[in-house]
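Shown below: structure-v9.cif, with mmCIF, C-alpha atoms.
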data_protein
loop_
_atom_site.group_PDB
_atom_site.id
_atom_site.type_symbol
_atom_site.label_atom_id
_atom_site.label_comp_id
_atom_site.auth_asym_id
_atom_site.auth_seq_id
_atom_site.Cartn_x
_atom_site.Cartn_y
_atom_site.Cartn_z
ATOM 1 C CA MET N 1 -2.296 10.535 -17.200
ATOM 2 C CA LEU N 2 -3.589 7.043 -17.907
ATOM 3 C CA ARG N 3 -2.225 7.112 -21.458
ATOM 4 C CA MET N 4 1.149 8.336 -20.161
ATOM 5 C CA THR N 5 1.232 5.473 -17.638
ATOM 6 C CA VAL N 6 0.375 2.773 -20.170
ATOM 7 C CA GLU N 7 2.844 4.115 -22.729
ATOM 8 C CA SER N 8 5.551 4.299 -20.080
ATOM 9 C CA ILE N 9 4.960 0.650 -19.145
ATOM 10 C CA THR N 10 5.116 -0.572 -22.732
ATOM 11 C CA ALA N 11 8.235 1.499 -23.459
ATOM 12 C CA CYS N 12 10.207 0.573 -20.330
ATOM 13 C CA THR N 13 9.308 -3.080 -19.757
ATOM 14 C CA THR N 14 11.767 -5.733 -20.903
ATOM 15 C CA TYR N 15 10.245 -8.531 -18.820
ATOM 16 C CA PRO N 16 9.299 -11.174 -21.414
ATOM 17 C CA GLU N 17 5.656 -11.713 -20.507
ATOM 18 C CA PHE N 18 3.481 -8.978 -19.058
ATOM 19 C CA GLU N 19 -0.085 -7.718 -19.272
ATOM 20 C CA ILE N 20 -1.768 -4.476 -18.275
ATOM 21 C CA VAL N 21 -5.126 -4.742 -16.532
ATOM 22 C CA ILE N 22 -6.837 -1.359 -16.199
ATOM 23 C CA VAL N 23 -9.554 -1.282 -13.557
ATOM 24 C CA ASP N 24 -12.110 1.376 -14.470
ATOM 25 C CA ASP N 25 -13.564 2.065 -11.047
ATOM 26 C CA GLY N 26 -16.473 4.240 -12.136
ATOM 27 C CA SER N 27 -14.603 6.880 -14.140
ATOM 28 C CA THR N 28 -16.629 9.389 -16.156
ATOM 29 C CA ASP N 29 -13.946 11.123 -18.275
ATOM 30 C CA GLY N 30 -13.670 8.625 -21.134
ATOM 31 C CA SER N 31 -10.002 7.916 -20.331
ATOM 32 C CA CYS N 32 -10.507 4.155 -20.681
ATOM 33 C CA ASP N 33 -12.388 4.241 -23.987
ATOM 34 C CA VAL N 34 -9.433 3.550 -26.267
ATOM 35 C CA TYR N 35 -8.355 0.606 -24.116
ATOM 36 C CA ARG N 36 -11.886 -0.715 -23.847
ATOM 37 C CA ALA N 37 -12.131 -0.650 -27.632
ATOM 38 C CA GLY N 38 -9.082 -2.891 -27.885
ATOM 39 C CA THR N 39 -7.151 -0.593 -30.201
ATOM 40 C CA ALA N 40 -4.175 -0.200 -27.845
ATOM 41 C CA GLY N 41 -2.795 -3.706 -28.307
ATOM 42 C CA ASP N 42 -3.586 -7.128 -26.966
ATOM 43 C CA ARG N 43 -1.498 -6.701 -23.810
ATOM 44 C CA THR N 44 -3.956 -4.160 -22.396
ATOM 45 C CA ARG N 45 -7.554 -4.662 -21.315
ATOM 46 C CA VAL N 46 -10.143 -3.027 -19.091
ATOM 47 C CA VAL N 47 -12.293 -4.494 -16.346
ATOM 48 C CA ASP N 48 -15.084 -2.603 -14.620
ATOM 49 C CA GLY N 49 -14.797 -1.937 -10.894
ATOM 50 C CA GLY N 50 -18.125 -0.206 -10.432
ATOM 51 C CA GLY N 51 -16.833 2.521 -8.121
ATOM 52 C CA GLY N 52 -16.128 0.230 -5.167
ATOM 53 C CA GLY N 53 -12.914 1.966 -4.141
ATOM 54 C CA ILE N 54 -9.230 1.126 -3.993
ATOM 55 C CA PRO N 55 -9.167 -2.201 -2.086
ATOM 56 C CA ARG N 56 -11.886 -3.821 -4.199
ATOM 57 C CA ALA N 57 -10.480 -2.400 -7.439
ATOM 58 C CA ARG N 58 -7.007 -3.784 -6.755
ATOM 59 C CA ASN N 59 -8.346 -7.188 -5.793
ATOM 60 C CA LEU N 60 -10.456 -7.216 -8.948
ATOM 61 C CA GLY N 61 -7.421 -6.408 -11.054
ATOM 62 C CA GLU N 62 -5.542 -9.327 -9.493
ATOM 63 C CA GLU N 63 -8.470 -11.669 -10.179
ATOM 64 C CA HIS N 64 -8.241 -10.805 -13.879
ATOM 65 C CA ALA N 65 -4.453 -11.171 -14.059
ATOM 66 C CA SER N 66 -2.703 -14.347 -15.113
ATOM 67 C CA GLY N 67 0.972 -13.955 -14.173
ATOM 68 C CA ALA N 68 3.048 -15.220 -11.256
ATOM 69 C CA TYR N 69 3.655 -11.617 -10.139
ATOM 70 C CA VAL N 70 1.239 -8.736 -9.745
ATOM 71 C CA VAL N 71 2.147 -5.053 -9.493
ATOM 72 C CA PHE N 72 -0.426 -2.498 -8.377
ATOM 73 C CA LEU N 73 0.345 0.847 -9.987
ATOM 74 C CA ASP N 74 -1.500 4.151 -9.820
ATOM 75 C CA ALA N 75 -2.737 5.433 -13.174
ATOM 76 C CA HIS N 76 -0.627 8.602 -13.065
ATOM 77 C CA CYS N 77 2.938 7.278 -13.066
ATOM 78 C CA ARG N 78 6.001 6.977 -15.238
ATOM 79 C CA VAL N 79 8.109 3.859 -14.667
ATOM 80 C CA SER N 80 11.860 3.311 -15.078
ATOM 81 C CA ALA N 81 13.769 0.903 -17.308
ATOM 82 C CA ASN N 82 13.684 -2.809 -16.445
ATOM 83 C CA TRP N 83 11.347 -2.142 -13.537
ATOM 84 C CA LEU N 84 9.518 -5.483 -13.680
ATOM 85 C CA ASP N 85 12.752 -7.471 -13.923
ATOM 86 C CA LEU N 86 14.053 -5.681 -10.823
ATOM 87 C CA PHE N 87 10.834 -6.336 -8.913
ATOM 88 C CA ALA N 88 10.865 -10.015 -9.896
ATOM 89 C CA GLU N 89 14.467 -10.339 -8.726
ATOM 90 C CA ALA N 90 13.597 -8.854 -5.324
ATOM 91 C CA LEU N 91 10.578 -11.167 -4.972
ATOM 92 C CA ARG N 92 12.544 -14.392 -5.489
ATOM 93 C CA ARG N 93 12.915 -14.797 -1.727
ATOM 94 C CA ARG N 94 9.791 -16.567 -0.524
ATOM 95 C CA ASP N 95 9.717 -14.616 2.744
ATOM 96 C CA THR N 96 9.368 -11.323 0.860
ATOM 97 C CA ALA N 97 5.715 -10.345 0.505
ATOM 98 C CA ILE N 98 5.860 -6.842 -0.957
ATOM 99 C CA VAL N 99 8.455 -4.817 -2.862
ATOM 100 C CA GLY N 100 8.169 -1.110 -3.558
ATOM 101 C CA PRO N 101 10.238 1.422 -5.542
ATOM 102 C CA THR N 102 11.878 4.762 -5.054
ATOM 103 C CA PHE N 103 9.254 7.464 -5.660
ATOM 104 C CA THR N 104 9.810 10.877 -7.166
ATOM 105 C CA ARG N 105 7.364 13.536 -8.173
ATOM 106 C CA LEU N 106 6.268 13.308 -11.794
ATOM 107 C CA GLU N 107 7.316 16.917 -12.331
ATOM 108 C CA GLN N 108 10.813 16.686 -10.800
ATOM 109 C CA ALA N 109 13.493 14.095 -10.018
ATOM 110 C CA GLU N 110 14.206 15.331 -6.488
ATOM 111 C CA PRO N 111 13.510 14.753 -3.672
ATOM 112 C CA LYS N 112 13.267 10.965 -3.635
ATOM 113 C CA GLY N 113 11.365 8.810 -1.144
ATOM 114 C CA CYS N 114 11.960 5.106 -0.634
ATOM 115 C CA GLY N 115 9.683 3.509 1.930
ATOM 116 C CA MET N 116 7.899 5.016 4.911
ATOM 117 C CA THR N 117 7.302 4.582 8.592
ATOM 118 C CA TRP N 118 4.794 5.845 11.141
ATOM 119 C CA LEU N 119 6.061 8.648 13.347
ATOM 120 C CA ASN N 120 3.627 8.182 16.216
ATOM 121 C CA HIS N 121 0.331 6.738 17.403
ATOM 122 C CA LYS N 122 -1.643 9.029 15.122
ATOM 123 C CA LEU N 123 -0.105 6.855 12.397
ATOM 124 C CA GLU N 124 1.313 9.941 10.711
ATOM 125 C CA LYS N 125 3.773 8.849 8.024
ATOM 126 C CA THR N 126 7.171 10.086 6.947
ATOM 127 C CA TRP N 127 9.279 9.121 3.937
ATOM 128 C CA PHE N 128 12.756 7.609 4.043
ATOM 129 C CA VAL N 129 15.434 8.920 1.715
ATOM 130 C CA PRO N 130 16.928 6.094 -0.382
ATOM 131 C CA LEU N 131 20.008 4.369 0.966
ATOM 132 C CA PRO N 132 23.130 4.570 -1.237
ATOM 133 C CA THR N 133 22.648 1.122 -2.759
ATOM 134 C CA ASP N 134 20.935 -0.457 -5.741
ATOM 135 C CA LYS N 135 20.157 -3.651 -3.800
ATOM 136 C CA PRO N 136 16.775 -4.389 -2.152
ATOM 137 C CA TYR N 137 16.425 -3.773 1.572
ATOM 138 C CA GLU N 138 13.742 -3.834 4.269
ATOM 139 C CA VAL N 139 11.389 -0.961 5.104
ATOM 140 C CA PRO N 140 8.362 -0.838 7.427
ATOM 141 C CA ILE N 141 5.921 0.401 4.767
ATOM 142 C CA THR N 142 6.005 0.930 1.031
ATOM 143 C CA PRO N 143 3.086 3.043 -0.171
ATOM 144 C CA GLY N 144 0.357 1.895 -2.507
ATOM 145 C CA GLY N 145 1.226 4.001 -5.540
ATOM 146 C CA CYS N 146 3.314 1.003 -6.605
ATOM 147 C CA GLN N 147 3.440 -2.315 -4.754
ATOM 148 C CA ALA N 148 4.729 -5.599 -6.227
ATOM 149 C CA PHE N 149 3.801 -9.077 -4.947
ATOM 150 C CA ARG N 150 4.248 -12.698 -5.818
ATOM 151 C CA ARG N 151 0.700 -13.563 -6.706
ATOM 152 C CA ASP N 152 0.561 -16.642 -4.461
ATOM 153 C CA THR N 153 1.902 -14.618 -1.519
ATOM 154 C CA PHE N 154 -0.622 -11.852 -2.139
ATOM 155 C CA ARG N 155 -3.385 -14.428 -1.773
ATOM 156 C CA ALA N 156 -1.712 -16.142 1.180
ATOM 157 C CA ILE N 157 -1.681 -12.940 3.236
ATOM 158 C CA GLY N 158 -5.333 -12.246 2.446
ATOM 159 C CA ARG N 159 -5.237 -9.661 -0.397
ATOM 160 C CA PHE N 160 -6.451 -6.099 0.264
ATOM 161 C CA ASP N 161 -9.019 -5.836 3.033
ATOM 162 C CA GLU N 162 -12.339 -5.132 1.321
ATOM 163 C CA GLY N 163 -13.822 -4.157 4.672
ATOM 164 C CA PHE N 164 -12.055 -0.821 4.242
ATOM 165 C CA THR N 165 -13.918 2.090 2.689
ATOM 166 C CA LYS N 166 -12.848 3.525 -0.665
ATOM 167 C CA PHE N 167 -9.749 5.469 0.423
ATOM 168 C CA GLY N 168 -7.129 5.416 3.120
ATOM 169 C CA PHE N 169 -4.794 3.036 4.981
ATOM 170 C CA GLN N 170 -5.335 -0.010 2.751
ATOM 171 C CA ASP N 171 -1.747 0.110 1.487
ATOM 172 C CA VAL N 172 -0.094 0.538 4.888
ATOM 173 C CA GLU N 173 -2.364 -2.068 6.484
ATOM 174 C CA ILE N 174 -1.274 -4.759 4.043
ATOM 175 C CA CYS N 175 2.387 -3.924 4.789
ATOM 176 C CA LEU N 176 1.762 -4.192 8.521
ATOM 177 C CA ARG N 177 -0.146 -7.431 8.024
ATOM 178 C CA ALA N 178 2.692 -8.907 5.964
ATOM 179 C CA TRP N 179 5.218 -8.154 8.712
ATOM 180 C CA LEU N 180 2.974 -9.606 11.428
ATOM 181 C CA LEU N 181 2.412 -12.793 9.414
ATOM 182 C CA GLY N 182 6.166 -13.366 9.243
ATOM 183 C CA TYR N 183 6.982 -11.889 5.843
ATOM 184 C CA ARG N 184 9.241 -8.990 4.903
ATOM 185 C CA VAL N 185 8.438 -5.722 3.134
ATOM 186 C CA MET N 186 11.211 -4.486 0.867
ATOM 187 C CA VAL N 187 12.117 -1.727 -1.538
ATOM 188 C CA ASN N 188 14.269 -2.026 -4.624
ATOM 189 C CA PRO N 189 15.712 1.494 -4.908
ATOM 190 C CA ALA N 190 16.864 0.800 -8.465
ATOM 191 C CA VAL N 191 13.211 1.003 -9.550
ATOM 192 C CA GLU N 192 12.112 4.632 -9.805
ATOM 193 C CA ILE N 193 8.450 5.567 -10.165
ATOM 194 C CA ALA N 194 7.641 9.178 -11.039
ATOM 195 C CA HIS N 195 4.239 9.710 -9.445
ATOM 196 C CA HIS N 196 1.778 12.579 -9.780
ATOM 197 C CA PHE N 197 1.044 13.723 -6.231
ATOM 198 C CA ARG N 198 -2.187 15.687 -6.360
ATOM 199 C CA THR N 199 -2.428 19.009 -4.563
ATOM 200 C CA GLU N 200 -6.211 18.910 -4.935
ATOM 201 C CA ARG N 201 -8.774 16.320 -5.986
ATOM 202 C CA ASN N 202 -11.540 16.547 -8.557
ATOM 203 C CA TYR N 203 -13.527 13.932 -6.643
ATOM 204 C CA GLN N 204 -14.977 13.646 -3.164
ATOM 205 C CA VAL N 205 -13.121 11.855 -0.368
ATOM 206 C CA ASP N 206 -15.138 11.027 2.731
ATOM 207 C CA ASP N 207 -13.099 11.968 5.820
ATOM 208 C CA SER N 208 -15.340 9.749 7.928
ATOM 209 C CA GLY N 209 -14.410 6.831 5.689
ATOM 210 C CA ILE N 210 -10.709 7.500 6.243
ATOM 211 C CA LEU N 211 -11.356 7.626 10.002
ATOM 212 C CA TYR N 212 -13.205 4.327 9.745
ATOM 213 C CA ASN N 213 -10.198 2.751 8.012
ATOM 214 C CA PHE N 214 -7.876 4.049 10.739
ATOM 215 C CA LEU N 215 -10.151 2.485 13.354
ATOM 216 C CA ARG N 216 -10.378 -0.784 11.436
ATOM 217 C CA LEU N 217 -6.601 -1.039 11.181
ATOM 218 C CA ILE N 218 -5.904 -0.424 14.865
ATOM 219 C CA HIS N 219 -8.712 -2.723 16.069
ATOM 220 C CA THR N 220 -7.573 -5.512 13.750
ATOM 221 C CA HIS N 221 -3.889 -5.465 14.663
ATOM 222 C CA PHE N 222 -3.173 -3.603 17.924
ATOM 223 C CA ASP N 223 -3.537 -4.728 21.517
ATOM 224 C CA PRO N 224 -6.195 -2.930 23.605
ATOM 225 C CA ALA N 225 -3.702 -0.622 25.325
ATOM 226 C CA ARG N 226 -2.320 0.524 21.978
ATOM 227 C CA VAL N 227 -5.810 0.996 20.569
ATOM 228 C CA ARG N 228 -6.559 3.329 23.483
ATOM 229 C CA ARG N 229 -3.270 5.134 22.924
ATOM 230 C CA CYS N 230 -4.122 5.690 19.253
ATOM 231 C CA LEU N 231 -7.565 7.012 20.161
ATOM 232 C CA ARG N 232 -6.033 9.425 22.674
ATOM 233 C CA ALA N 233 -3.502 10.525 20.056
ATOM 234 C CA ILE N 234 -6.130 11.593 17.521
ATOM 235 C CA GLY N 235 -8.060 13.389 20.287
ATOM 236 C CA PRO N 236 -11.648 14.597 19.886
ATOM 237 C CA TYR N 237 -12.606 13.760 16.336
ATOM 238 C CA PRO N 238 -15.812 14.517 14.430
ATOM 239 C CA ASN N 239 -18.005 11.421 14.008
ATOM 240 C CA LEU N 240 -15.688 9.229 16.088
ATOM 241 C CA GLU N 241 -18.475 7.585 18.070
ATOM 242 C CA ARG N 242 -20.538 7.004 14.940
ATOM 243 C CA GLU N 243 -17.623 5.370 13.125
ATOM 244 C CA LEU N 244 -16.795 3.227 16.167
ATOM 245 C CA ASP N 245 -20.398 1.996 16.241
ATOM 246 C CA ARG N 246 -20.162 1.222 12.542
ATOM 247 C CA LEU N 247 -16.896 -0.635 13.081
ATOM 248 C CA TYR N 248 -18.208 -2.692 15.984
ATOM 249 C CA ALA N 249 -21.109 -3.836 13.808
ATOM 250 C CA SER N 250 -18.666 -5.086 11.142
ATOM 251 C CA ASP N 251 -16.547 -8.243 10.941
ATOM 252 C CA VAL N 252 -13.568 -6.581 12.636
ATOM 253 C CA PHE N 253 -13.567 -8.790 15.741
ATOM 254 C CA LYS N 254 -13.685 -11.942 13.620
ATOM 255 C CA LEU N 255 -10.782 -10.581 11.590
ATOM 256 C CA ARG N 256 -8.913 -9.685 14.776
ATOM 257 C CA ALA N 257 -9.275 -13.239 16.090
ATOM 258 C CA GLU N 258 -8.042 -14.719 12.812
ATOM 259 C CA MET N 259 -4.986 -12.449 12.831
ATOM 260 C CA ALA N 260 -4.217 -13.289 16.462
ATOM 261 C CA THR N 261 -4.130 -16.975 15.516
ATOM 262 C CA ALA N 262 -2.089 -16.584 12.327
ATOM 263 C CA ARG N 263 0.492 -13.936 13.152
ATOM 264 C CA VAL N 264 4.039 -14.693 14.275
ATOM 265 C CA ARG N 265 4.838 -11.115 15.338
ATOM 266 C CA ASP N 266 2.688 -8.577 17.168
ATOM 267 C CA ASP N 267 2.183 -4.819 17.135
ATOM 268 C CA ARG N 268 4.698 -4.392 19.973
ATOM 269 C CA TRP N 269 7.381 -5.927 17.754
ATOM 270 C CA PHE N 270 6.493 -3.631 14.865
ATOM 271 C CA PHE N 271 6.517 -0.435 16.929
ATOM 272 C CA ARG N 272 9.742 -1.335 18.747
ATOM 273 C CA HIS N 273 11.495 -1.975 15.451
ATOM 274 C CA PHE N 274 10.095 0.745 13.238
ATOM 275 C CA VAL N 275 8.275 3.655 14.926
ATOM 276 C CA PRO N 276 10.504 6.465 16.252
ATOM 277 C CA GLU N 277 8.019 7.420 18.976
ATOM 278 C CA GLU N 278 8.587 3.988 20.528
ATOM 279 C CA THR N 279 12.155 3.193 19.503
ATOM 280 C CA GLY N 280 13.244 6.518 20.962
ATOM 281 C CA HIS N 281 15.616 7.241 18.088
ATOM 282 C CA ALA N 282 15.813 7.403 14.322
ATOM 283 C CA LEU N 283 16.314 4.008 12.763
ATOM 284 C CA PRO N 284 20.043 3.342 12.422
ATOM 285 C CA ALA N 285 19.842 1.830 8.953
ATOM 286 C CA LEU N 286 17.572 4.436 7.373
ATOM 287 C CA ALA N 287 17.620 8.201 7.150
ATOM 288 C CA LEU N 288 14.295 9.948 7.640
ATOM 289 C CA ALA N 289 13.188 12.448 5.042
ATOM 290 C CA SER N 290 10.696 15.202 5.730
ATOM 291 C CA GLY N 291 7.253 15.273 4.156
#
Could you quickly redo this structure as structure tokens?
Amino acid sequence: MLRMTVESITACTTYPEFEIVIVDDGSTDGSCDVYRAGTAGDRTRVVDGGGGGIPRARNLGEEHASGAYVVFLDAHCRVSANWLDLFAEALRRRDTAIVGPTFTRLEQAEPKGCGMTWLNHKLEKTWFVPLPTDKPYEVPITPGGCQAFRRDTFRAIGRFDEGFTKFGFQDVEICLRAWLLGYRVMVNPAVEIAHHFRTERNYQVDDSGILYNFLRLIHTHFDPARVRRCLRAIGPYPNLERELDRLYASDVFKLRAEMATARVRDDRWFFRHFVPEETGHALPALALASG
């Protein structure tokens, strides 16, 4: 998968200057060996993440990059022609923080998903089908399998939150944060990323860690009434009290205060614009896809 991804990038990229930074976040399968040895060309190099998880790995990759733009891409994807040029074009507007692609499954070209939104206060997500255009447009969330940023904007909005555990919500949280700080989140549907969506994992994912990330997101960005509504929505949940205690001992209240000072929009604005449970109808500009 990693070799397929790297070869796809080198074959499909016409952007004049690009580099590939592979973050080896504690892998044990030898997939990075050829790139670590430097035999795959001078555009590609490996940095060690040490198994810290997705937010830290992505931030580490950005620290070792040198370009004006940074694209975070999962290591099991096939990209489309001119993808970096199309991302760079969409990021020319300074109020655009993040641009995502149209996603397909690696194994088949249909269905397509282009951006997401939350359905409800459980923060359950649903895909949008692409609009019939090849021009960029706004979406609430573009998932983390492929997210493009201006590098200075990525740093201005605070990068990925390393207070999150290894997996879960880090990609949607940075989209929410961008909106609340006054930026826009976009998709360029002309970029298509064929992504391998796993049906099962060959590694352990801590469900308590995902719960912790859910709690960190809502306590960072939502008002107290909405926090309570989210907690009611998930209902009785194993280890909820333990993860709340863990959260309250973290820096979340400091982070919450900083966001309250810096943001120009609030969670009420986001839900009223983007979440069907609160808007009361499907968004007029976007068609919801199932899944």
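Minimum distance to Ser80 of chain N across N:Leu255, N:Leu123, N:Ala194, N:Leu2 (counting only C-alpha atoms) occurs at N:Ala194.
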Do a neighbour search on Val264 of chain N at 6 Å with all atoms listed in the file, toss out local chain neighbours closer than 5 positions, and write the hits as a PyMOL selection string. chain N and resi 180-182
Tell me which protein, DNA and RNA residues are within 10 Å of His195 of chain N, counting all atoms listed in the file, leaving out same-chain ones fewer than 5 positions away, and put them as a compact mmCIF listing (two decimals) with C-alpha atoms, in the coordinates of the input.
# COMPACT_ATOMS: atom_id res chain seq x y z
CA THR N 5 1.23 5.47 -17.64
CA LEU N 73 0.34 0.85 -9.99
CA ASP N 74 -1.50 4.15 -9.82
CA ALA N 75 -2.74 5.43 -13.17
CA HIS N 76 -0.63 8.60 -13.06
CA CYS N 77 2.94 7.28 -13.07
CA ARG N 78 6.00 6.98 -15.24
CA VAL N 79 8.11 3.86 -14.67
CA PHE N 103 9.25 7.46 -5.66
CA THR N 104 9.81 10.88 -7.17
CA ARG N 105 7.36 13.54 -8.17
CA LEU N 106 6.27 13.31 -11.79
CA GLU N 107 7.32 16.92 -12.33
CA GLN N 108 10.81 16.69 -10.80
CA GLY N 145 1.23 4.00 -5.54
CA CYS N 146 3.31 1.00 -6.60
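The residues returned by the PyMOL selection byres ((chain N and resi 36) around 10) on the shown structure are N:Ile22, N:Asp24, N:Gly30, N:Ser31, N:Cys32, N:Asp33, N:Val34, N:Tyr35, N:Ala37, N:Gly38, N:Thr39, N:Ala40, N:Thr44, N:Arg45, N:Val46, N:Val47, N:Asp48.
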Quick one: residues within 10 Å of Glu278 of chain N, all atoms listed in the file, excluding same-chain residues fewer than 6 positions away - as an MDAnalysis selection string? chainID N and resid 119:121 268 270:272
Please enumerate the residues selected by the PyMOL selection byres ((chain N and resi 19) around 9) when evaluated against the supplied file, formatted as a tab-separated table (two decimals) with C-alpha atoms, keeping the file's coordinate frame.
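As written to disk, expr25.tsv reads:
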chain	number	residue	atom	x	y	z
N	17	GLU	CA	5.66	-11.71	-20.51
N	18	PHE	CA	3.48	-8.98	-19.06
N	20	ILE	CA	-1.77	-4.48	-18.27
N	21	VAL	CA	-5.13	-4.74	-16.53
N	42	ASP	CA	-3.59	-7.13	-26.97
N	43	ARG	CA	-1.50	-6.70	-23.81
N	44	THR	CA	-3.96	-4.16	-22.40
N	45	ARG	CA	-7.55	-4.66	-21.32
N	65	ALA	CA	-4.45	-11.17	-14.06
N	66	SER	CA	-2.70	-14.35	-15.11
N	67	GLY	CA	0.97	-13.96	-14.17
Using the chain letters and numbering of this document, enumerate as JSON, numbers by chain the residues selected by the PyMOL selection byres ((chain N and resi 51) around 9). {"N": [24, 25, 26, 27, 48, 49, 50, 52, 53, 54, 56, 57, 166]}
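The shell of residues at most 6 Å from segment 212-215 of chain N, with all atoms listed in the file counted and near chain neighbours (fewer than 2 positions) removed, consists of N:Phe164, N:Gly209, N:Ile210, N:Leu217, N:Ile218, N:Glu243.
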Report, in Å with one decimal, the straight-line distance from atom CA of Gly41 of chain N to atom CA of Thr10 of chain N. 10.2 Å
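In this comparison, which uses all atoms listed in the file, the residue of N:Ala81, N:Ile193, N:Val187, N:Ile157 approaching Phe128 of chain N most closely is N:Val187.
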Per-axis box centre and lengths in Å around segment 206-215 of chain N, 6 Å margin per side, axis-aligned, as AutoDock Vina command-line options:
--center_x -11.6 --center_y 7.2 --center_z 8.0 --size_x 19.5 --size_y 21.5 --size_z 22.6
Please reconstruct the missing atoms of segment 60-78 of chain N (target: N, CA and C atoms) and return them as a PDB file, in the coordinates of the input.
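The result, written out as out30.pdb:
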ATOM      1  N   LEU N  60      -9.834  -6.850  -7.674  1.00  0.00           N
ATOM      2  CA  LEU N  60     -10.456  -7.216  -8.948  1.00  0.00           C
ATOM      3  C   LEU N  60      -9.407  -7.299 -10.050  1.00  0.00           C
ATOM      4  N   GLY N  61      -8.480  -6.355 -10.067  1.00  0.00           N
ATOM      5  CA  GLY N  61      -7.421  -6.408 -11.054  1.00  0.00           C
ATOM      6  C   GLY N  61      -6.607  -7.686 -10.937  1.00  0.00           C
ATOM      7  N   GLU N  62      -6.298  -8.084  -9.700  1.00  0.00           N
ATOM      8  CA  GLU N  62      -5.542  -9.327  -9.493  1.00  0.00           C
ATOM      9  C   GLU N  62      -6.330 -10.539  -9.964  1.00  0.00           C
ATOM     10  N   GLU N  63      -7.637 -10.546  -9.741  1.00  0.00           N
ATOM     11  CA  GLU N  63      -8.470 -11.669 -10.179  1.00  0.00           C
ATOM     12  C   GLU N  63      -8.432 -11.842 -11.695  1.00  0.00           C
ATOM     13  N   HIS N  64      -8.246 -10.747 -12.419  1.00  0.00           N
ATOM     14  CA  HIS N  64      -8.241 -10.805 -13.879  1.00  0.00           C
ATOM     15  C   HIS N  64      -6.829 -10.920 -14.449  1.00  0.00           C
ATOM     16  N   ALA N  65      -5.830 -11.007 -13.593  1.00  0.00           N
ATOM     17  CA  ALA N  65      -4.453 -11.171 -14.059  1.00  0.00           C
ATOM     18  C   ALA N  65      -4.126 -12.653 -14.188  1.00  0.00           C
ATOM     19  N   SER N  66      -3.049 -12.947 -14.883  1.00  0.00           N
ATOM     20  CA  SER N  66      -2.703 -14.347 -15.113  1.00  0.00           C
ATOM     21  C   SER N  66      -1.262 -14.689 -14.771  1.00  0.00           C
ATOM     22  N   GLY N  67      -0.446 -13.706 -14.396  1.00  0.00           N
ATOM     23  CA  GLY N  67       0.972 -13.955 -14.173  1.00  0.00           C
ATOM     24  C   GLY N  67       1.298 -14.417 -12.763  1.00  0.00           C
ATOM     25  N   ALA N  68       2.559 -14.791 -12.564  1.00  0.00           N
ATOM     26  CA  ALA N  68       3.048 -15.220 -11.256  1.00  0.00           C
ATOM     27  C   ALA N  68       3.298 -14.036 -10.332  1.00  0.00           C
ATOM     28  N   TYR N  69       3.449 -12.839 -10.910  1.00  0.00           N
ATOM     29  CA  TYR N  69       3.655 -11.617 -10.139  1.00  0.00           C
ATOM     30  C   TYR N  69       2.534 -10.635 -10.469  1.00  0.00           C
ATOM     31  N   VAL N  70       2.226  -9.786  -9.502  1.00  0.00           N
ATOM     32  CA  VAL N  70       1.239  -8.736  -9.745  1.00  0.00           C
ATOM     33  C   VAL N  70       1.775  -7.439  -9.151  1.00  0.00           C
ATOM     34  N   VAL N  71       1.708  -6.375  -9.939  1.00  0.00           N
ATOM     35  CA  VAL N  71       2.147  -5.053  -9.493  1.00  0.00           C
ATOM     36  C   VAL N  71       0.955  -4.116  -9.551  1.00  0.00           C
ATOM     37  N   PHE N  72       0.646  -3.493  -8.427  1.00  0.00           N
ATOM     38  CA  PHE N  72      -0.426  -2.498  -8.377  1.00  0.00           C
ATOM     39  C   PHE N  72       0.210  -1.126  -8.573  1.00  0.00           C
ATOM     40  N   LEU N  73      -0.264  -0.421  -9.588  1.00  0.00           N
ATOM     41  CA  LEU N  73       0.345   0.847  -9.987  1.00  0.00           C
ATOM     42  C   LEU N  73      -0.741   1.889 -10.185  1.00  0.00           C
ATOM     43  N   ASP N  74      -0.561   3.059  -9.579  1.00  0.00           N
ATOM     44  CA  ASP N  74      -1.500   4.151  -9.820  1.00  0.00           C
ATOM     45  C   ASP N  74      -1.477   4.557 -11.289  1.00  0.00           C
ATOM     46  N   ALA N  75      -2.580   5.121 -11.751  1.00  0.00           N
ATOM     47  CA  ALA N  75      -2.737   5.433 -13.174  1.00  0.00           C
ATOM     48  C   ALA N  75      -2.225   6.821 -13.520  1.00  0.00           C
ATOM     49  N   HIS N  76      -1.231   7.302 -12.771  1.00  0.00           N
ATOM     50  CA  HIS N  76      -0.627   8.602 -13.065  1.00  0.00           C
ATOM     51  C   HIS N  76       0.860   8.536 -12.730  1.00  0.00           C
ATOM     52  N   CYS N  77       1.536   7.557 -13.362  1.00  0.00           N
ATOM     53  CA  CYS N  77       2.938   7.278 -13.066  1.00  0.00           C
ATOM     54  C   CYS N  77       3.748   7.078 -14.335  1.00  0.00           C
ATOM     55  N   ARG N  78       5.041   7.321 -14.194  1.00  0.00           N
ATOM     56  CA  ARG N  78       6.001   6.977 -15.238  1.00  0.00           C
ATOM     57  C   ARG N  78       7.026   6.033 -14.615  1.00  0.00           C
TER      58      ARG N  78
END
